[in-house]
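Shown below: my_file-v3.txt, with compact mmCIF, C-alpha atoms.
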# COMPACT_ATOMS: atom_id res chain seq x y z
CA MET A 1 5.84 -1.16 6.23
CA ARG A 2 5.49 -2.46 9.82
CA ALA A 3 7.35 0.51 11.35
CA ILE A 4 5.34 2.94 9.26
CA SER A 5 2.05 1.34 10.34
CA VAL A 6 2.97 1.68 13.99
CA SER A 7 3.90 5.30 13.40
CA LEU A 8 0.55 5.97 11.75
CA LEU A 9 -1.32 4.56 14.73
CA SER A 10 0.87 6.47 17.16
CA LEU A 11 0.29 9.74 15.33
CA GLY A 12 -3.46 9.14 15.36
CA GLY A 13 -3.40 8.76 19.15
CA LEU A 14 -1.56 12.04 19.74
CA VAL A 15 -4.24 14.30 18.31
CA ALA A 16 -7.89 14.93 19.00
CA THR A 17 -10.64 13.31 16.93
CA PRO A 18 -11.80 15.69 14.19
CA ALA A 19 -15.15 17.34 14.70
CA LEU A 20 -17.95 15.28 13.16
CA ALA A 21 -19.29 18.40 11.44
CA ASP A 22 -16.18 18.74 9.26
CA PRO A 23 -16.83 17.57 5.71
CA LEU A 24 -14.88 14.69 4.22
CA VAL A 25 -13.24 15.79 0.96
CA PHE A 26 -12.43 12.94 -1.41
CA THR A 27 -10.18 13.52 -4.45
CA PRO A 28 -9.39 10.83 -7.03
CA LEU A 29 -5.81 10.70 -8.35
CA ILE A 30 -5.06 9.48 -11.88
CA ASP A 31 -1.84 10.01 -13.84
CA ALA A 32 -1.32 8.08 -17.10
CA GLN A 33 1.67 8.30 -19.42
CA LEU A 34 2.39 6.55 -22.71
CA ARG A 35 6.04 6.80 -23.75
CA TYR A 36 8.30 5.65 -26.57
CA GLU A 37 12.06 5.73 -25.93
CA HIS A 38 14.60 4.93 -28.66
CA VAL A 39 18.28 4.47 -27.77
CA GLU A 40 21.31 4.00 -30.03
CA GLN A 41 24.44 3.19 -28.03
CA ALA A 42 27.85 2.14 -29.36
CA PRO A 43 29.12 -0.57 -29.59
CA LEU A 44 25.77 -2.39 -29.17
CA THR A 45 24.38 -3.52 -32.52
CA LYS A 46 20.74 -3.52 -31.38
CA ASP A 47 18.80 -0.32 -30.68
CA ALA A 48 16.36 -0.09 -27.80
CA ASN A 49 12.73 0.61 -28.68
CA ALA A 50 10.81 0.81 -25.42
CA VAL A 51 7.07 1.43 -25.50
CA THR A 52 5.71 1.67 -21.98
CA LEU A 53 2.42 2.70 -20.40
CA ARG A 54 2.48 3.92 -16.81
CA LEU A 55 -0.61 4.39 -14.67
CA ARG A 56 -0.77 5.88 -11.19
CA SER A 57 -4.18 5.73 -9.54
CA GLY A 58 -5.49 6.35 -6.08
CA PHE A 59 -7.26 8.88 -3.90
CA GLU A 60 -6.76 11.50 -1.21
CA ALA A 61 -9.28 11.90 1.62
CA LYS A 62 -9.21 15.05 3.80
CA LEU A 63 -11.02 15.46 7.10
CA SER A 64 -10.31 18.48 9.29
CA ASP A 65 -6.52 18.60 9.87
CA PHE A 66 -5.97 15.06 8.56
CA SER A 67 -5.41 13.81 5.05
CA PHE A 68 -4.90 10.24 3.91
CA LEU A 69 -3.46 9.35 0.50
CA ALA A 70 -3.19 5.97 -1.19
CA GLU A 71 -1.81 5.45 -4.70
CA SER A 72 -0.80 2.45 -6.80
CA GLU A 73 1.64 2.49 -9.71
CA ALA A 74 1.87 0.11 -12.65
CA ASN A 75 4.16 0.15 -15.69
CA LEU A 76 3.39 -2.07 -18.69
CA ALA A 77 6.08 -2.88 -21.26
CA ILE A 78 4.04 -2.85 -24.49
CA ASP A 79 7.17 -3.30 -26.60
CA PRO A 80 9.91 -4.84 -24.42
CA SER A 81 12.72 -4.45 -26.98
CA TYR A 82 15.06 -2.91 -24.43
CA ASN A 83 17.22 -3.76 -21.44
CA SER A 84 15.19 -2.70 -18.40
CA GLY A 85 18.07 -3.53 -16.07
CA LEU A 86 16.07 -6.51 -14.81
CA ASN A 87 14.90 -8.47 -17.87
CA GLY A 88 18.32 -9.79 -18.91
CA LYS A 89 18.17 -8.31 -22.44
CA THR A 90 21.75 -7.05 -22.33
CA ALA A 91 22.09 -6.98 -26.13
CA PHE A 92 19.97 -3.81 -26.04
CA PRO A 93 20.81 -0.43 -24.48
CA GLN A 94 19.32 0.12 -21.04
CA VAL A 95 16.02 1.93 -20.50
CA SER A 96 15.35 1.88 -16.76
CA ASP A 97 11.57 1.45 -16.96
CA PRO A 98 10.96 -2.17 -15.91
CA GLN A 99 7.50 -3.65 -16.00
CA THR A 100 6.15 -3.47 -12.46
CA ILE A 101 3.14 -2.96 -10.23
CA GLU A 102 3.39 -1.71 -6.67
CA LEU A 103 2.17 0.57 -3.93
CA ASN A 104 3.58 3.99 -4.81
CA ARG A 105 2.31 6.12 -1.92
CA LEU A 106 0.48 5.42 1.35
CA GLN A 107 0.68 8.36 3.72
CA LEU A 108 -1.11 10.11 6.56
CA GLN A 109 -0.62 13.86 6.97
CA TYR A 110 -1.55 16.04 9.95
CA ARG A 111 -1.70 19.86 9.91
CA GLY A 112 -3.26 20.48 13.34
CA LEU A 113 -0.03 21.59 15.02
CA GLN A 114 0.74 25.29 14.68
CA HIS A 115 3.05 26.06 11.72
CA THR A 116 3.80 22.33 11.41
CA VAL A 117 3.05 19.62 8.86
CA VAL A 118 3.73 15.98 9.77
CA THR A 119 3.68 13.32 7.04
CA VAL A 120 4.08 9.62 7.87
CA GLY A 121 4.22 6.71 5.44
CA ARG A 122 5.34 5.99 1.89
CA GLN A 123 5.71 9.39 0.23
CA VAL A 124 7.36 11.53 -2.43
CA ILE A 125 10.15 13.81 -1.14
CA ASN A 126 11.67 16.56 -3.31
CA LEU A 127 14.15 18.87 -1.56
CA ASP A 128 15.21 22.14 -3.23
CA ASP A 129 16.05 21.41 -6.89
CA GLN A 130 16.27 17.62 -6.18
CA ARG A 131 20.06 17.61 -6.66
CA PHE A 132 20.49 15.49 -3.54
CA VAL A 133 17.05 14.10 -2.64
CA GLY A 134 14.18 13.65 -5.10
CA ALA A 135 11.56 11.39 -6.63
CA ALA A 136 13.29 10.69 -9.98
CA ALA A 137 9.95 11.54 -11.62
CA TRP A 138 11.35 11.30 -15.17
CA ARG A 139 11.33 7.52 -14.98
CA GLN A 140 8.01 5.71 -15.34
CA ASN A 141 8.39 4.20 -11.85
CA GLU A 142 8.77 6.95 -9.27
CA GLN A 143 11.24 6.85 -6.36
CA THR A 144 9.51 7.11 -2.98
CA TYR A 145 10.48 6.95 0.69
CA ASP A 146 9.04 5.16 3.73
CA ALA A 147 9.53 8.05 6.10
CA VAL A 148 8.46 10.42 8.82
CA ARG A 149 8.74 14.04 7.67
CA VAL A 150 8.22 17.19 9.77
CA GLU A 151 8.02 20.64 8.16
CA TRP A 152 7.99 23.68 10.47
CA SER A 153 7.59 27.36 9.54
CA GLY A 154 7.01 29.05 12.90
CA ILE A 155 9.35 31.98 12.19
CA LYS A 156 8.65 34.38 9.33
CA ASN A 157 10.58 33.48 6.16
CA LEU A 158 12.22 30.48 7.88
CA LYS A 159 11.38 26.85 7.14
CA ALA A 160 12.84 23.74 8.75
CA ASP A 161 12.37 20.38 7.04
CA LEU A 162 13.47 17.15 8.78
CA THR A 163 12.98 13.60 7.48
CA TYR A 164 13.84 10.15 8.77
CA ALA A 165 13.49 7.47 6.07
CA ASN A 166 14.05 3.78 6.75
CA THR A 167 13.45 2.60 3.17
CA VAL A 168 14.11 3.97 -0.30
CA ASN A 169 11.77 2.48 -2.91
CA THR A 170 13.73 2.81 -6.14
CA ILE A 171 12.74 3.01 -9.81
CA TYR A 172 13.35 -0.74 -10.19
CA GLY A 173 10.13 -1.71 -8.42
CA ILE A 174 9.12 -5.07 -7.06
CA ASP A 175 11.48 -7.16 -9.22
CA GLY A 176 14.68 -5.32 -8.26
CA GLY A 177 17.19 -7.51 -6.46
CA ASN A 178 20.82 -8.09 -5.52
CA ARG A 179 21.54 -10.26 -8.55
CA PHE A 180 21.11 -7.27 -10.85
CA GLY A 181 23.90 -5.19 -9.34
CA PRO A 182 24.26 -2.35 -6.84
CA THR A 183 22.05 0.16 -8.68
CA ARG A 184 19.13 -2.18 -9.37
CA LEU A 185 17.65 -2.91 -5.97
CA GLY A 186 13.91 -2.39 -5.62
CA HIS A 187 13.93 -1.41 -1.96
CA ILE A 188 16.93 -0.26 0.09
CA GLY A 189 16.75 -0.14 3.88
CA GLY A 190 18.75 2.15 6.13
CA ASP A 191 18.62 5.02 8.60
CA ASN A 192 18.52 8.00 6.25
CA VAL A 193 18.25 11.54 7.65
CA PHE A 194 17.53 14.62 5.52
CA ALA A 195 17.75 18.00 7.28
CA ASN A 196 17.05 21.21 5.41
CA LEU A 197 16.82 24.77 6.78
CA GLY A 198 15.86 27.60 4.42
CA TYR A 199 15.54 31.36 4.92
CA LYS A 200 13.84 33.58 2.33
CA THR A 201 15.22 37.03 1.57
CA ARG A 202 14.17 39.57 -1.05
CA PHE A 203 16.99 38.32 -3.27
CA GLY A 204 16.46 34.58 -2.87
CA THR A 205 16.49 31.65 -0.46
CA LEU A 206 19.54 30.71 1.60
CA THR A 207 19.53 27.04 2.55
CA GLY A 208 21.71 24.88 4.76
CA PHE A 209 21.44 21.11 4.58
CA ALA A 210 22.71 17.84 5.98
CA TYR A 211 21.96 14.57 4.18
CA LEU A 212 22.93 11.26 5.79
CA VAL A 213 22.45 8.50 3.23
CA ASP A 214 22.54 5.02 4.77
CA GLN A 215 22.39 2.22 2.20
CA ASP A 216 22.00 -0.85 4.38
CA GLN A 217 22.32 -3.68 1.83
CA ALA A 218 25.70 -5.17 0.97
CA PRO A 219 25.72 -4.28 -2.77
CA VAL A 220 25.21 -0.59 -2.04
CA PHE A 221 27.26 -0.01 1.13
CA VAL A 222 29.57 2.10 -1.07
CA GLU A 223 26.79 4.64 -1.64
CA SER A 224 26.44 5.50 2.06
CA SER A 225 27.61 9.07 2.62
CA GLN A 226 27.26 12.16 4.77
CA THR A 227 26.89 15.46 2.94
CA TYR A 228 26.84 18.94 4.47
CA GLY A 229 26.45 22.16 2.54
CA GLY A 230 24.47 25.19 1.53
CA ARG A 231 22.95 26.92 -1.46
CA PHE A 232 21.57 30.30 -2.44
CA ALA A 233 19.07 30.59 -5.26
CA GLY A 234 16.82 33.37 -6.40
CA ALA A 235 15.61 35.78 -9.02
CA TYR A 236 15.76 39.57 -9.22
CA PRO A 237 13.72 41.74 -11.62
CA LEU A 238 15.90 44.18 -13.55
CA SER A 239 12.88 45.70 -15.30
CA LYS A 240 9.29 44.84 -16.12
CA THR A 241 10.43 42.40 -18.81
CA VAL A 242 13.90 41.31 -17.68
CA THR A 243 14.68 39.03 -14.71
CA LEU A 244 18.07 37.84 -13.48
CA THR A 245 18.25 34.33 -11.98
CA TYR A 246 21.16 32.92 -10.01
CA LEU A 247 22.33 29.91 -8.04
CA ALA A 248 25.42 29.15 -5.93
CA SER A 249 25.94 25.93 -4.01
CA PHE A 250 28.71 24.15 -2.09
CA ALA A 251 28.79 20.83 -0.25
CA SER A 252 31.32 18.50 1.35
CA GLN A 253 30.87 14.72 1.35
CA SER A 254 32.57 11.80 3.08
CA ASP A 255 31.92 8.12 3.78
CA TYR A 256 29.22 7.14 6.27
CA HIS A 257 28.06 4.12 8.27
CA ARG A 258 28.96 0.82 6.53
CA ASN A 259 30.73 2.33 3.53
CA PRO A 260 34.04 0.40 3.24
CA ASN A 261 35.73 3.28 1.40
CA ARG A 262 37.38 6.22 3.15
CA TYR A 263 37.09 9.38 1.09
CA HIS A 264 36.34 13.08 1.00
CA ALA A 265 35.03 15.01 -2.01
CA ASP A 266 33.52 18.45 -2.55
CA TYR A 267 30.69 19.75 -4.70
CA TYR A 268 30.14 23.23 -6.02
CA ALA A 269 27.89 24.78 -8.63
CA GLY A 270 27.14 28.21 -10.02
CA GLU A 271 24.46 29.27 -12.47
CA LEU A 272 23.36 32.56 -13.97
CA GLY A 273 20.36 33.21 -16.19
CA VAL A 274 18.51 36.06 -17.87
CA ALA A 275 14.80 35.88 -18.69
CA VAL A 276 13.48 38.42 -21.21
CA THR A 277 9.71 37.95 -21.35
CA ALA A 278 9.35 34.37 -22.68
CA LEU A 279 13.03 33.87 -23.60
CA THR A 280 15.49 32.49 -21.03
CA LEU A 281 19.26 32.12 -21.41
CA THR A 282 21.19 30.17 -18.76
CA GLY A 283 24.83 29.26 -18.20
CA GLY A 284 26.33 27.18 -15.41
CA TYR A 285 29.23 25.17 -14.10
CA GLU A 286 28.89 22.17 -11.79
CA VAL A 287 31.67 20.12 -10.18
CA LEU A 288 31.32 16.76 -8.47
CA GLY A 289 34.77 16.38 -7.02
CA ALA A 290 37.08 13.38 -6.84
CA ASP A 291 39.30 12.03 -4.08
CA GLN A 292 42.07 9.69 -5.32
CA GLY A 293 40.43 8.32 -8.46
CA VAL A 294 39.08 5.15 -6.85
CA ALA A 295 35.61 3.97 -7.93
CA VAL A 296 32.71 5.39 -5.86
CA THR A 297 34.98 7.77 -3.90
CA SER A 298 34.00 10.80 -5.97
CA PHE A 299 31.03 12.95 -4.96
CA GLN A 300 27.86 10.83 -5.36
CA THR A 301 24.15 11.70 -5.29
CA PRO A 302 22.32 8.33 -5.42
CA LEU A 303 18.98 9.73 -4.19
CA ALA A 304 18.84 12.68 -6.60
CA ALA A 305 16.47 13.18 -9.54
CA LEU A 306 19.50 12.33 -11.68
CA HIS A 307 17.99 12.81 -15.15
CA LYS A 308 17.66 16.55 -14.47
CA PHE A 309 21.42 16.98 -14.23
CA ASN A 310 24.51 16.38 -16.42
CA GLY A 311 22.68 15.69 -19.66
CA TRP A 312 19.59 13.75 -20.65
CA ALA A 313 21.60 10.89 -22.15
CA ASP A 314 22.17 9.76 -18.52
CA LYS A 315 25.85 8.94 -18.92
CA PHE A 316 26.78 10.27 -15.46
CA LEU A 317 24.19 8.74 -13.12
CA VAL A 318 27.18 7.48 -11.11
CA THR A 319 29.98 10.05 -10.85
CA PRO A 320 33.17 8.69 -12.50
CA PRO A 321 36.17 7.87 -10.24
CA ASN A 322 37.97 11.03 -11.39
CA GLY A 323 34.96 13.24 -10.72
CA LEU A 324 32.95 15.38 -13.11
CA ARG A 325 32.99 18.98 -14.32
CA ASP A 326 29.94 20.03 -16.34
CA ALA A 327 30.05 23.38 -18.18
CA TYR A 328 26.63 23.99 -19.74
CA GLY A 329 24.43 26.54 -21.43
CA SER A 330 20.75 26.46 -22.31
CA VAL A 331 18.08 28.47 -24.09
CA SER A 332 14.31 28.18 -23.74
CA TYR A 333 11.25 29.94 -25.09
CA GLY A 334 7.59 29.57 -24.25
CA TRP A 335 4.22 30.64 -25.57
CA LYS A 336 0.92 30.70 -23.67
CA LYS A 337 -2.53 30.53 -25.25
CA VAL A 338 -1.31 30.16 -28.82
CA ALA A 339 -2.78 28.19 -31.75
CA GLY A 340 -5.61 27.00 -29.55
CA LEU A 341 -3.20 25.43 -27.05
CA ASP A 342 -2.59 26.31 -23.40
CA ALA A 343 1.21 26.38 -23.73
CA ILE A 344 4.12 25.49 -25.99
CA ALA A 345 7.70 25.36 -24.68
CA LEU A 346 11.00 24.86 -26.54
CA SER A 347 14.41 24.30 -24.95
CA ALA A 348 17.92 23.27 -25.93
CA ALA A 349 21.15 22.74 -23.97
CA TYR A 350 24.83 22.05 -24.56
CA HIS A 351 27.18 20.32 -22.09
CA ARG A 352 30.95 19.93 -22.04
CA PHE A 353 32.04 17.18 -19.63
CA ASP A 354 35.51 16.91 -18.11
CA SER A 355 37.08 15.10 -15.18
CA ASP A 356 37.78 16.85 -11.89
CA ARG A 357 41.29 15.36 -11.76
CA LEU A 358 43.85 14.39 -14.45
CA GLY A 359 42.40 16.83 -17.01
CA GLN A 360 40.39 14.31 -19.04
CA HIS A 361 37.78 15.43 -21.56
CA TYR A 362 34.89 13.00 -21.21
CA GLY A 363 32.69 14.18 -24.08
CA ASN A 364 30.02 16.66 -25.20
CA GLU A 365 26.24 16.51 -25.33
CA VAL A 366 23.40 18.36 -27.07
CA ASP A 367 19.83 18.15 -25.70
CA ALA A 368 16.56 19.52 -27.05
CA GLN A 369 12.85 19.21 -26.34
CA VAL A 370 9.41 20.53 -27.29
CA SER A 371 6.40 20.26 -24.98
CA VAL A 372 2.77 21.12 -25.72
CA LYS A 373 0.06 21.41 -23.07
CA GLN A 374 -3.68 21.46 -23.61
CA GLY A 375 -6.05 20.92 -20.72
CA ARG A 376 -5.11 17.73 -18.89
CA TYR A 377 -2.83 16.53 -21.71
CA THR A 378 0.90 17.18 -22.17
CA ALA A 379 2.78 15.94 -25.23
CA LEU A 380 6.59 15.83 -25.30
CA VAL A 381 9.26 15.31 -27.97
CA LYS A 382 12.81 15.07 -26.59
CA TYR A 383 16.31 14.28 -27.89
CA ALA A 384 19.79 13.75 -26.43
CA ASP A 385 23.07 13.19 -28.30
CA TYR A 386 26.22 12.34 -26.29
CA ARG A 387 29.52 12.26 -28.20
CA ALA A 388 32.14 10.41 -26.18
CA ASP A 389 35.82 11.29 -26.00
CA ARG A 390 37.40 9.52 -23.01
CA PHE A 391 34.34 8.33 -21.09
CA ALA A 392 31.53 5.90 -22.00
CA THR A 393 30.40 5.58 -25.63
CA ASP A 394 28.43 7.57 -28.20
CA THR A 395 24.74 7.53 -27.29
CA LYS A 396 21.62 8.99 -28.89
CA LYS A 397 18.19 8.99 -27.26
CA PHE A 398 14.79 10.04 -28.57
CA TRP A 399 11.48 10.22 -26.70
CA LEU A 400 7.82 10.69 -27.56
CA SER A 401 5.32 10.83 -24.71
CA LEU A 402 1.73 11.72 -23.94
CA ASN A 403 0.68 12.40 -20.37
CA TRP A 404 -2.82 12.78 -18.92
CA VAL A 405 -3.50 13.87 -15.34
CA TYR A 406 -6.89 14.00 -13.67

Represent the structure contained in this file as structure tokens.
Amino acid sequence: MRAISVSLLSLGGLVATPALADPLVFTPLIDAQLRYEHVEQAPLTKDANAVTLRLRSGFEAKLSDFSFLAESEANLAIDPSYNSGLNGKTAFPQVSDPQTIELNRLQLQYRGLQHTVVTVGRQVINLDDQRFVGAAAWRQNEQTYDAVRVEWSGIKNLKADLTYANTVNTIYGIDGGNRFGPTRLGHIGGDNVFANLGYKTRFGTLTGFAYLVDQDQAPVFVESSQTYGGRFAGAYPLSKTVTLTYLASFASQSDYHRNPNRYHADYYAGELGVAVTALTLTGGYEVLGADQGVAVTSFQTPLAALHKFNGWADKFLVTPPNGLRDAYGSVSYGWKKVAGLDAIALSAAYHRFDSDRLGQHYGNEVDAQVSVKQGRYTALVKYADYRADRFATDTKKFWLSLNWVY
């Protein structure tokens, strides 16, 4: 954090001292989640039964145009009958929620420049739908970035978002290390640059982006990439009760910095949905392209919120050498202020997974969940069932969780 500390001091010296008359606003931050995750995965004979309790706690202090935020994060393995990726229990399926305690966020933000927000320090960064850069918030240990981020909106309907991050703090926390493999490092250094430019229209937002991912440790050199692309996403009301939603995205990726591989792969996605009052139907097709079928030369998104995409069984966190084609459909329905509860939401999805080259059928997956919200509490029941054909193995996952946010 040395570079970040220097940046914090430098930023403080560039702006005027806030007026003493401005009130100091102090807000406590508490987020607790108890979760049970059960995993059955062939050919392993033992099932994972992970009971974990995660607590994030801290505060935010605001004074004039400044705000300072500090937050810790701890995850306790109440029942450690699972392979966390770090505990060596390889007889069990993996549940990537290792026991850990660490500094989650430590950031200074300044809003005194016209149409500009500057954030310096350890922070959460979620860009667009988090397909390329996100916080991986599904996992108990959040992914954060030691970064300098500048957001500018000086032209109507236009927003520029530029980030330089010299460290990615992964979901593996303080115990992550090289001996656990390329995807299990706790902290990954590098010169990462995320540039995002979005323009809002009446039909949706058109975004152009450039993401330079620099993984500066030897086990993960192969994940360094440069990605350039664009997306258009929006919603259009067809009537008072019917809304059409849509998404189109394309990106091109190639090797970057110390990556020993030489490759080029493309990404494209399209999605169309119809919302009729509380019912939503969605269909989509996403392709993470392949080059020549060599490992880690297909289109990769190592900094994404990966659990959101390509099925909740998490079989495609790393894109296979022959790429991935995901044809999916989903249905969801929600109620508000029913049965004495604030909200109830149901959803289900189906995925068909194929390779981008060689015409392989990887497998199919069915996902479903129910969430209930009342006040500060949210309860969740969730299920994923992946049936393998020519990739990975049959896997079933089941979750129960209770979340409380102050």

Dump as CSV the rows for residues of region 55-144 of chain A within 9 Å of region 162-180 of chain A: closest atom pair and distance in Å with one decimal, only C-alpha atoms counted, ordered by chain and rising residue number.
residue,atom,partner,partner_atom,distance
A:Ser84,CA,A:Tyr172,CA,8.6
A:Gly85,CA,A:Phe180,CA,7.1
A:Leu86,CA,A:Phe180,CA,6.5
A:Gly88,CA,A:Phe180,CA,8.9
A:Ser96,CA,A:Tyr172,CA,7.4
A:Asp97,CA,A:Tyr172,CA,7.3
A:Pro98,CA,A:Tyr172,CA,6.4
A:Gln99,CA,A:Gly173,CA,8.3
A:Thr100,CA,A:Gly173,CA,5.9
A:Ile101,CA,A:Ile174,CA,7.1
A:Glu102,CA,A:Ile174,CA,6.7
A:Asn104,CA,A:Asn169,CA,8.5
A:Arg122,CA,A:Asn169,CA,8.8
A:Ala135,CA,A:Thr170,CA,8.9
A:Ala136,CA,A:Ile171,CA,7.7
A:Arg139,CA,A:Ile171,CA,7.0
A:Gln140,CA,A:Ile171,CA,7.8
A:Asn141,CA,A:Ile171,CA,4.9
A:Glu142,CA,A:Ile171,CA,5.6
A:Gln143,CA,A:Thr170,CA,4.8
A:Thr144,CA,A:Asn169,CA,5.2

Between CA of Gly270 (chain A) and CA of Asn310 (chain A), what distance in Å does the model show, to one decimal? 13.7 Å

As an exercise, work out the distance from CA of Asp291 (chain A) to CA of Asp266 (chain A) in Å and give it to one decimal place. 8.8 Å

Non-local contacts of region 244-258 of chain A (7 Å; all atoms listed in the file; under 2 positions in same chain excluded) as a PyMOL selection string: chain A and resi 214+221+224-238+242+260-275+299

For the selection you just gave me, I'd like the residues written to a file as a PDB file, in the coordinates of the input, keeping C-alpha atoms.
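The new file again_32.pdb reads:
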ATOM      1  CA  ASP A 214      22.540   5.020   4.770  1.00  0.00           C
ATOM      2  CA  PHE A 221      27.260  -0.010   1.130  1.00  0.00           C
ATOM      3  CA  SER A 224      26.440   5.500   2.060  1.00  0.00           C
ATOM      4  CA  SER A 225      27.610   9.070   2.620  1.00  0.00           C
ATOM      5  CA  GLN A 226      27.260  12.160   4.770  1.00  0.00           C
ATOM      6  CA  THR A 227      26.890  15.460   2.940  1.00  0.00           C
ATOM      7  CA  TYR A 228      26.840  18.940   4.470  1.00  0.00           C
ATOM      8  CA  GLY A 229      26.450  22.160   2.540  1.00  0.00           C
ATOM      9  CA  GLY A 230      24.470  25.190   1.530  1.00  0.00           C
ATOM     10  CA  ARG A 231      22.950  26.920  -1.460  1.00  0.00           C
ATOM     11  CA  PHE A 232      21.570  30.300  -2.440  1.00  0.00           C
ATOM     12  CA  ALA A 233      19.070  30.590  -5.260  1.00  0.00           C
ATOM     13  CA  GLY A 234      16.820  33.370  -6.400  1.00  0.00           C
ATOM     14  CA  ALA A 235      15.610  35.780  -9.020  1.00  0.00           C
ATOM     15  CA  TYR A 236      15.760  39.570  -9.220  1.00  0.00           C
ATOM     16  CA  PRO A 237      13.720  41.740 -11.620  1.00  0.00           C
ATOM     17  CA  LEU A 238      15.900  44.180 -13.550  1.00  0.00           C
ATOM     18  CA  VAL A 242      13.900  41.310 -17.680  1.00  0.00           C
ATOM     19  CA  PRO A 260      34.040   0.400   3.240  1.00  0.00           C
ATOM     20  CA  ASN A 261      35.730   3.280   1.400  1.00  0.00           C
ATOM     21  CA  ARG A 262      37.380   6.220   3.150  1.00  0.00           C
ATOM     22  CA  TYR A 263      37.090   9.380   1.090  1.00  0.00           C
ATOM     23  CA  HIS A 264      36.340  13.080   1.000  1.00  0.00           C
ATOM     24  CA  ALA A 265      35.030  15.010  -2.010  1.00  0.00           C
ATOM     25  CA  ASP A 266      33.520  18.450  -2.550  1.00  0.00           C
ATOM     26  CA  TYR A 267      30.690  19.750  -4.700  1.00  0.00           C
ATOM     27  CA  TYR A 268      30.140  23.230  -6.020  1.00  0.00           C
ATOM     28  CA  ALA A 269      27.890  24.780  -8.630  1.00  0.00           C
ATOM     29  CA  GLY A 270      27.140  28.210 -10.020  1.00  0.00           C
ATOM     30  CA  GLU A 271      24.460  29.270 -12.470  1.00  0.00           C
ATOM     31  CA  LEU A 272      23.360  32.560 -13.970  1.00  0.00           C
ATOM     32  CA  GLY A 273      20.360  33.210 -16.190  1.00  0.00           C
ATOM     33  CA  VAL A 274      18.510  36.060 -17.870  1.00  0.00           C
ATOM     34  CA  ALA A 275      14.800  35.880 -18.690  1.00  0.00           C
ATOM     35  CA  PHE A 299      31.030  12.950  -4.960  1.00  0.00           C
TER      36      PHE A 299
END

Would you mind listing what lies within 9 Å of Gln292 (chain A) as a PyMOL selection string, with all atoms listed in the file counted and same-chain residues fewer than 4 positions away left out? chain A and resi 263+297-298+321-322+357

Output file for the residues above (C-alpha atoms, as a CSV table (one decimal), in the frame of the given file):
chain,number,residue,atom,x,y,z
A,263,TYR,CA,37.1,9.4,1.1
A,297,THR,CA,35.0,7.8,-3.9
A,298,SER,CA,34.0,10.8,-6.0
A,321,PRO,CA,36.2,7.9,-10.2
A,322,ASN,CA,38.0,11.0,-11.4
A,357,ARG,CA,41.3,15.4,-11.8

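With distances taken over all atoms listed in the file, A:Ala74 is the one residue among A:Gly198, A:Gln41, A:Ala74, A:Ile188 lying closest to Leu55 (chain A).
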
I want to know what sits within 9 Å of Ala313 (chain A), based on all atoms listed in the file, with residues of the same chain fewer than 2 positions away left out; could you give that as a PDB file with C-alpha atoms, keeping the file's coordinate frame?
ATOM      1  CA  HIS A 307      17.990  12.810 -15.150  1.00  0.00           C
ATOM      2  CA  ASN A 310      24.510  16.380 -16.420  1.00  0.00           C
ATOM      3  CA  GLY A 311      22.680  15.690 -19.660  1.00  0.00           C
ATOM      4  CA  LYS A 315      25.850   8.940 -18.920  1.00  0.00           C
ATOM      5  CA  PHE A 316      26.780  10.270 -15.460  1.00  0.00           C
ATOM      6  CA  GLU A 365      26.240  16.510 -25.330  1.00  0.00           C
ATOM      7  CA  ASP A 367      19.830  18.150 -25.700  1.00  0.00           C
ATOM      8  CA  TYR A 383      16.310  14.280 -27.890  1.00  0.00           C
ATOM      9  CA  ALA A 384      19.790  13.750 -26.430  1.00  0.00           C
ATOM     10  CA  ASP A 385      23.070  13.190 -28.300  1.00  0.00           C
ATOM     11  CA  TYR A 386      26.220  12.340 -26.290  1.00  0.00           C
ATOM     12  CA  THR A 395      24.740   7.530 -27.290  1.00  0.00           C
ATOM     13  CA  LYS A 396      21.620   8.990 -28.890  1.00  0.00           C
ATOM     14  CA  LYS A 397      18.190   8.990 -27.260  1.00  0.00           C
TER      15      LYS A 397
END

Using all atoms listed in the file, which of the listed residues (A:Gly340, A:Gly334, A:Pro80, A:Gly58) sits closest to Gln374 (chain A)?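 Distance minimum relative to Gln374 (chain A) lands on A:Gly340.
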
Residue neighbourhood region 388-390 of chain A, 10 Å, all atoms listed in the file, exclusion window fewer than 3 positions, as a list in words: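 Everything that qualifies: Ala42, Lys315, Phe353, Asp354, Ser355, Gln360, His361, Tyr362, Gly363, Asn364, Glu365, Asp385, Thr393, Asp394 and Thr395 of chain A.
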